[in-house]
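So this block is final_2.cif, mmCIF, C-alpha atoms:
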```cif
data_start
#
loop_
_atom_site.label_atom_id
_atom_site.label_comp_id
_atom_site.auth_asym_id
_atom_site.auth_seq_id
_atom_site.Cartn_x
_atom_site.Cartn_y
_atom_site.Cartn_z
CA MET A 485 -13.85 29.25 -7.16
CA GLN A 486 -12.65 26.07 -8.87
CA GLN A 487 -10.74 23.77 -6.54
CA THR A 488 -8.20 21.11 -7.41
CA ALA A 489 -8.79 17.49 -6.48
CA ASP A 490 -5.83 17.67 -4.10
CA ALA A 491 -7.30 20.71 -2.35
CA VAL A 492 -10.63 18.93 -1.87
CA LEU A 493 -8.94 15.81 -0.51
CA ASN A 494 -6.69 17.83 1.80
CA ALA A 495 -9.70 19.68 3.20
CA ALA A 496 -11.50 16.39 3.85
CA LEU A 497 -8.45 14.92 5.57
CA LYS A 498 -8.10 18.01 7.74
CA LEU A 499 -11.73 17.76 8.82
CA GLY A 500 -11.36 14.04 9.45
CA GLU A 501 -8.41 14.63 11.77
CA SER A 502 -10.33 17.21 13.79
CA ARG A 503 -13.46 15.04 14.02
CA SER A 504 -13.47 11.53 12.60
CA TRP A 505 -13.75 10.17 9.08
CA GLU A 506 -17.31 9.05 9.76
CA ALA A 507 -18.23 12.63 10.71
CA VAL A 508 -16.88 14.18 7.51
CA ARG A 509 -19.62 15.47 5.21
CA LEU A 510 -19.11 16.81 1.72
CA PHE A 511 -20.99 20.02 2.49
CA ASP A 512 -18.50 20.59 5.32
CA VAL A 513 -15.65 20.06 2.87
CA ALA A 514 -17.17 22.64 0.53
CA GLU A 515 -17.56 25.09 3.41
CA GLU A 516 -13.96 24.50 4.49
CA LEU A 517 -12.85 25.43 0.97
CA GLY A 518 -15.19 28.41 0.73
CA THR A 519 -16.95 26.95 -2.28
CA ASP A 520 -20.09 24.97 -3.12
CA LEU A 521 -20.87 21.29 -3.52
CA ASN A 522 -20.57 21.40 -7.29
CA ALA A 523 -16.89 22.25 -6.91
CA VAL A 524 -16.49 19.09 -4.82
CA ARG A 525 -18.63 16.98 -7.15
CA HIS A 526 -16.48 18.09 -10.09
CA HIS A 527 -13.71 15.84 -8.71
CA PHE A 528 -15.49 13.37 -6.41
CA ARG A 529 -18.87 11.79 -7.06
CA GLU A 530 -19.21 10.58 -3.48
CA LYS A 531 -17.33 10.45 -0.21
CA GLU A 532 -15.86 7.00 -0.95
CA ASP A 533 -14.05 8.53 -3.91
CA LEU A 534 -12.04 10.58 -1.42
CA VAL A 535 -10.83 7.35 0.18
CA ASP A 536 -9.77 6.05 -3.23
CA ALA A 537 -7.90 9.30 -3.88
CA TRP A 538 -6.10 8.94 -0.55
CA PHE A 539 -4.91 5.45 -1.46
CA ASP A 540 -4.04 6.65 -4.97
CA ARG A 541 -1.50 8.92 -3.32
CA ALA A 542 0.06 5.90 -1.65
CA ASP A 543 0.14 4.04 -4.98
CA ALA A 544 1.91 7.02 -6.55
CA ALA A 545 4.48 7.12 -3.74
CA MET A 546 5.12 3.40 -4.20
CA LEU A 547 5.75 3.85 -7.92
CA ARG A 548 8.05 6.82 -7.30
CA ALA A 549 10.09 4.54 -5.06
CA ALA A 550 10.10 1.91 -7.83
CA ALA A 551 11.59 4.48 -10.22
CA ASP A 552 14.70 4.77 -8.04
CA PRO A 553 17.51 2.98 -9.94
CA ALA A 554 18.80 1.59 -6.65
CA VAL A 555 15.54 -0.29 -6.12
CA SER A 556 15.76 -2.09 -9.46
CA THR A 557 19.08 -3.66 -8.43
CA MET A 558 17.74 -5.03 -5.15
CA PRO A 559 16.93 -8.73 -4.69
CA PRO A 560 13.24 -9.48 -5.41
CA THR A 561 12.02 -9.63 -1.82
CA ARG A 562 13.92 -6.47 -0.93
CA ARG A 563 12.23 -4.65 -3.82
CA ILE A 564 8.82 -5.78 -2.63
CA GLU A 565 9.63 -4.81 0.96
CA THR A 566 10.84 -1.36 -0.11
CA LEU A 567 7.73 -0.69 -2.18
CA VAL A 568 5.26 -1.87 0.46
CA LEU A 569 6.97 0.30 3.07
CA ALA A 570 6.91 3.28 0.70
CA TRP A 571 3.15 2.74 0.32
CA LEU A 572 2.66 2.62 4.09
CA ASP A 573 4.93 5.62 4.67
CA ALA A 574 2.75 7.70 2.36
CA LEU A 575 -0.20 7.04 4.68
CA ASP A 576 1.69 7.36 7.94
CA GLU A 577 0.82 10.99 8.69
CA ARG A 578 -2.87 10.01 8.70
CA ARG A 579 -2.58 6.48 10.06
CA ARG A 580 -5.42 6.86 12.56
CA LEU A 581 -7.67 8.38 9.92
CA THR A 582 -6.72 5.65 7.46
CA GLY A 583 -7.85 3.06 9.99
CA GLN A 584 -11.18 4.84 10.31
CA MET A 585 -11.61 4.78 6.53
CA ILE A 586 -11.05 1.03 6.50
CA ALA A 587 -13.38 0.49 9.45
CA GLY A 588 -16.12 2.34 7.59
CA LYS A 589 -15.75 0.02 4.63
CA LEU A 590 -16.03 -3.05 6.87
CA GLU A 591 -19.34 -2.09 8.47
CA PHE A 592 -22.02 -4.73 8.01
CA GLY A 593 -24.27 -4.21 5.01
CA HIS A 594 -21.92 -1.92 3.10
CA LEU A 595 -21.47 -4.24 0.12
CA HIS A 596 -21.61 -1.26 -2.22
CA VAL A 597 -18.27 -0.09 -0.80
CA GLN A 598 -16.79 -3.49 0.13
CA ILE A 599 -16.80 -4.90 -3.39
CA PRO A 600 -15.00 -1.85 -4.84
CA ALA A 601 -12.57 -2.08 -1.90
CA VAL A 602 -11.56 -5.58 -3.00
CA LEU A 603 -10.94 -4.26 -6.51
CA ARG A 604 -8.97 -1.38 -4.99
CA ILE A 605 -6.65 -3.82 -3.21
CA SER A 606 -6.23 -5.82 -6.40
CA ARG A 607 -5.26 -2.68 -8.30
CA THR A 608 -2.63 -1.73 -5.73
CA VAL A 609 -1.17 -5.25 -5.77
CA GLN A 610 -0.98 -5.10 -9.57
CA TRP A 611 1.04 -1.89 -9.33
CA LEU A 612 3.19 -3.49 -6.65
CA ARG A 613 3.98 -6.37 -9.00
CA GLU A 614 4.78 -3.96 -11.82
CA GLY A 615 7.00 -1.82 -9.60
CA ALA A 616 8.82 -4.90 -8.33
CA GLY A 617 9.33 -6.18 -11.88
CA ARG A 618 7.41 -9.43 -11.41
CA ASP A 619 6.62 -11.07 -14.75
CA ALA A 620 5.04 -14.45 -13.99
CA THR A 621 2.26 -15.54 -16.33
CA GLY A 622 -0.61 -18.02 -16.27
CA ALA A 623 -1.03 -20.13 -13.15
CA TYR A 624 2.26 -18.87 -11.74
CA ARG A 625 0.99 -15.31 -11.93
CA GLY A 626 -2.18 -16.31 -10.12
CA LEU A 627 -0.21 -17.95 -7.33
CA GLU A 628 2.09 -14.96 -7.03
CA GLU A 629 -0.80 -12.49 -6.95
CA THR A 630 -2.57 -14.51 -4.27
CA ALA A 631 0.55 -14.66 -2.13
CA LEU A 632 1.35 -10.97 -2.59
CA THR A 633 -2.22 -9.93 -1.84
CA SER A 634 -2.21 -11.95 1.38
CA ILE A 635 1.15 -10.52 2.43
CA PHE A 636 0.17 -6.96 1.49
CA VAL A 637 -3.17 -6.99 3.30
CA SER A 638 -1.87 -8.69 6.44
CA THR A 639 1.09 -6.28 6.62
CA PHE A 640 -1.32 -3.36 6.26
CA VAL A 641 -3.42 -4.70 9.15
CA VAL A 642 -0.33 -5.17 11.32
CA TRP A 643 0.75 -1.60 10.52
CA LEU A 644 -2.68 -0.23 11.42
CA ARG A 645 -2.95 -2.09 14.71
CA ALA A 646 0.62 -1.98 16.01
CA GLY A 647 1.53 0.28 18.89
CA GLY A 648 4.89 1.94 19.49
CA ASP A 649 7.17 1.76 16.45
CA HIS A 650 4.46 0.53 14.09
CA ARG A 651 6.73 0.82 11.05
CA ALA A 652 9.36 -1.48 12.53
CA THR A 653 6.67 -3.92 13.60
CA ALA A 654 5.15 -3.96 10.12
CA ARG A 655 8.57 -4.29 8.49
CA GLY A 656 9.48 -7.24 10.70
CA TYR A 657 6.21 -8.97 9.89
CA LEU A 658 6.64 -8.25 6.18
CA ARG A 659 10.13 -9.72 6.12
CA ARG A 660 8.97 -12.89 7.85
CA ALA A 661 6.05 -13.24 5.45
CA LEU A 662 8.28 -12.78 2.41
CA SER A 663 10.76 -15.28 3.81
CA LEU A 664 7.97 -17.82 4.24
CA ALA A 665 6.77 -17.17 0.68
CA GLN A 666 10.30 -17.76 -0.58
CA ARG A 667 10.50 -21.11 1.19
CA VAL A 668 7.09 -22.19 -0.08
CA SER A 669 7.99 -21.18 -3.66
CA ARG A 670 10.70 -23.85 -3.70
CA TRP A 671 7.99 -26.49 -3.63
CA VAL A 672 5.94 -25.10 -6.53
CA PRO A 673 6.86 -27.20 -9.59
CA GLY A 674 8.49 -25.09 -12.28
CA TYR A 675 8.08 -21.75 -10.48
CA LEU A 676 11.78 -21.03 -10.10
CA THR A 677 12.54 -21.65 -13.77
CA HIS A 678 9.34 -20.27 -15.32
CA HIS A 679 10.27 -17.37 -17.61
CA GLY A 680 13.91 -17.68 -16.70
CA ARG A 681 14.67 -14.18 -18.02
CA ARG A 682 13.61 -12.64 -14.72
CA ARG A 683 12.36 -15.52 -12.63
CA GLU A 684 14.63 -15.01 -9.66
CA ARG A 685 13.77 -17.04 -6.62
CA LEU A 686 12.34 -14.85 -3.89
CA PRO A 687 15.25 -14.79 -1.41
CA ALA A 688 14.74 -14.22 2.27
CA PRO A 689 16.02 -10.88 3.62
CA GLN A 690 19.47 -11.31 5.13
CA ALA A 691 19.31 -12.16 8.80
CA GLY A 692 21.04 -9.65 11.04
CA VAL A 693 21.12 -6.85 8.46
CA ARG A 694 19.09 -3.71 8.79
CA ASP A 695 18.20 -1.17 6.14
CA SER A 696 20.98 0.48 4.16
CA MET A 697 22.63 3.43 5.88
CA PRO A 698 22.76 6.87 4.18
CA ASP A 699 26.35 6.25 3.03
CA GLY A 700 25.36 3.00 1.32
CA THR A 701 26.75 0.69 4.00
CA ARG A 702 24.60 -1.71 5.96
CA GLU A 703 24.17 -1.79 9.70
CA GLN A 704 24.75 -5.18 11.27
CA VAL A 705 22.43 -6.26 14.07
CA THR A 706 24.31 -7.63 17.05
#
```
Please go through the file and, once you have read it, give me the structure as structure tokens.
Amino acid sequence: MQQTADAVLNAALKLGESRSWEAVRLFDVAEELGTDLNAVRHHFREKEDLVDAWFDRADAAMLRAAADPAVSTMPPTRRIETLVLAWLDALDERRRLTGQMIAGKLEFGHLHVQIPAVLRISRTVQWLREGAGRDATGAYRGLEETALTSIFVSTFVVWLRAGGDHRATARGYLRRALSLAQRVSRWVPGYLTHHGRRRERLPAPQAGVRDSMPDGTREQVT
């Protein structure tokens, strides 16, 4: 029976939760689906492709958030914050498993998966920039990409490692990182006026204000 790519990925995730990601084998995925390996290979050439598909889901969730008209009216740093959190939220149900996927990529000697992983991060950051409406070019684009990549990766690590309310911990770290980037950007010659059409300065999130409430008001932190 022909299986969809989503069905194959879901089966692999289910097995990973019951065992570990390291213990997942493609023949087990095929057995879970009641099919053969060719049905799995039709969508995924190797196990690492399943990891890419999992992060593709997060990319898609981030871009769905970007399509919300309310997001486009947010200040630049708030847009970035909203999109990064949407990406993390898409992975939240399988946070432990996601950490295992990353750990597997970091094992010594796995250059064949580490190099593609770097490209994977770059691709996600590119979509983050697009979703946030960033339009810097040339050297300014390079600086912005470097800063966003650093902020994105470090926030991801904080989210993976935090205990308790890991989302709040990651959000707090992200806001501080974006605030620092905003302050540093003031000292980059020409950055704030480059492509003035949309070159808003990256403002720091408002101190003492939490996320918008369901009725559109904002909750003040006392």
Expected selection from the PyMOL selection byres ((chain A and resi 604) around 12), given as a VMD selection string: chain A and resid 532 to 533 535 to 540 543 586 589 597 to 603 605 to 611 633 637
Return as a PyMOL selection string the set of residues that the PyMOL selection byres ((chain A and resi 555) around 12) yields on the displayed structure. chain A and resi 546-554+556-567+570+615-617+696
Residue nearest Glu577 of chain A - candidates A:Leu497, A:Ala491, A:Leu627, A:Leu612, atoms counted: only C-alpha atoms: A:Leu497
Proximity to Ser669 of chain A - best of A:Leu575, A:Ala631, A:Leu534, A:Val642, only C-alpha atoms: A:Ala631
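The two atoms in question, atom CA of Thr639 of chain A and atom CA of Ala654 of chain A, are spaced 5.8 Å apart.
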Assuming 6 Å of padding per side, give the centre and edge lengths of the axis-aligned box around every listed atom of segment 637-652 of chain A, in Å to one decimal and as lines of an AutoDock Vina configuration file.
```
center_x = 3.0
center_y = -3.4
center_z = 11.4
size_x = 24.8
size_y = 22.6
size_z = 28.2
```
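Look at Glu516 of chain A: the protein and nucleic acid residues within 9 Å of it, using only C-alpha atoms and passing over chain neighbours fewer than 3 places away, are A:Ala495, A:Ala496, A:Leu499, A:Phe511, A:Asp512, A:Val513, A:Thr519.
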Could you take the residues named above and write them with C-alpha atoms, as a compact mmCIF listing (two decimals), in the frame of the given file?
```
# COMPACT_ATOMS: atom_id res chain seq x y z
CA ALA A 495 -9.70 19.68 3.20
CA ALA A 496 -11.50 16.39 3.85
CA LEU A 499 -11.73 17.76 8.82
CA PHE A 511 -20.99 20.02 2.49
CA ASP A 512 -18.50 20.59 5.32
CA VAL A 513 -15.65 20.06 2.87
CA THR A 519 -16.95 26.95 -2.28
```
Between A:Gly588, A:Gly626, A:Gly647, A:Gly656, which one has atoms that come closest to Ala507 of chain A, using all atoms listed in the file? A:Gly588
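Atom pair atom CA of Arg655 of chain A / atom CA of Ala574 of chain A has a distance of 14.7 Å (rounded to one decimal).
In this comparison, which uses all atoms listed in the file, the residue of A:Arg613, A:Val668, A:Ala620, A:Leu572 approaching Val641 of chain A most closely is A:Leu572.
For the pair atom CA of Leu569 of chain A and atom CA of Arg651 of chain A, the interatomic distance is 8.0 Å.
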Excluding Gly500 of chain A and residues on its chain fewer than 2 positions from it, collect all residues at most 10 Å away from it, counting only C-alpha atoms, and give them as a PyMOL selection string. chain A and resi 494-498+502-509+513+578+580-582+584-585
Nearest to Leu517 of chain A, chosen from A:Asp649, A:Arg529, A:Thr621, A:Leu493, with only C-alpha atoms counted in the distances: A:Leu493
